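> Take this structure, written in C-alpha cells, and hold onto it; I'll ask about it next.
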Amino acid sequence: MDEDDADAALDQLAFATRSAAALSSTLDAVEGLRRVCRVLVPGLADWSAAGLVDEDGAAERVCLTPTRP
C-alpha cells in the first residue's frame with residue numbers, strides 16, 4: 001500500500017465515522033438523515049437528497065442539501 005492508497009483509506013474511514021456520528025447523534029430518523037446529507041455535501045457529493053416511505057407507501061422528502069456557497 002502506497003501513501004496515496006493510505007490517504008484514500010483514511011479519507012474513507014473519516015467519512016464513515018462522520019456519517020455514523022451524524023446518524024447516532026439523534027433518535028429522530030428525519031434529523032439523522034438531514035445530518036447525513038450535510039456530511040455528504042461537499043466532501044462526497046455536489047448535492048444530496050433523502051426521503052422516507054411510511055407504512056402506507058407514501059414518500060416524503062426530508063432533506064435536500066445543495067452545495068454550500
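Residue names in the C-alpha cells use chain letters A, B, ... in the order shown, residue numbers from 1 in each chain, and ligand numbers from 1 in the order shown.
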Taking a cut-off of 9 Å and counting only C-alpha atoms, can you build a table that, for each residue of segment 2-23 of chain A near segment 36-53 of chain A, reports the nearest atom pair and how far apart they are in Å (one decimal), sorted by chain then residue number, as a Markdown table?

```
| residue | atom | partner | partner_atom | distance |
| --- | --- | --- | --- | --- |
| A:Phe15 | CA | A:Val39 | CA | 7.9 |
| A:Arg18 | CA | A:Val39 | CA | 6.9 |
| A:Ser19 | CA | A:Val36 | CA | 5.6 |
| A:Ala20 | CA | A:Val36 | CA | 8.3 |
| A:Ala21 | CA | A:Val36 | CA | 8.8 |
| A:Ala22 | CA | A:Val36 | CA | 5.7 |
| A:Leu23 | CA | A:Val36 | CA | 6.6 |
```
> Which of segment 6-65 of chain A end up as helix (DSSP H, G or I) when DSSP is run on this backbone - answer as a ChimeraX atom specification?
/A:6-24,29-40
> For the strand (DSSP E) assignment from backbone DSSP, which residues of chain A qualify? Please present them as a list in words.
Ser48, Ala49, Ala50, Gly51, Leu52, Val53, Ala59, Glu60, Arg61, Val62, Cys63, Leu64 and Thr65 of chain A
> Here is a test: counting only C-alpha atoms, which residue of A:Ala9, A:Arg34, A:Glu3, A:Ser25 is nearest to Pro66 of chain A?
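Between A:Ala9, A:Arg34, A:Glu3, A:Ser25, the residue approaching Pro66 of chain A most closely is A:Arg34.
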> For a test of reading the model, state the distance in Å between atom CA of Ala29 of chain A and atom CA of Ala59 of chain A, rounded to one decimal.
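Computed distance, atom CA of Ala29 of chain A to atom CA of Ala59 of chain A, equals 14.2 Å.
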> Could you tell me how far atom CA of Leu33 of chain A lies from atom CA of Val62 of chain A, in Å and to one decimal?
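These two atoms are separated by 7.5 Å.
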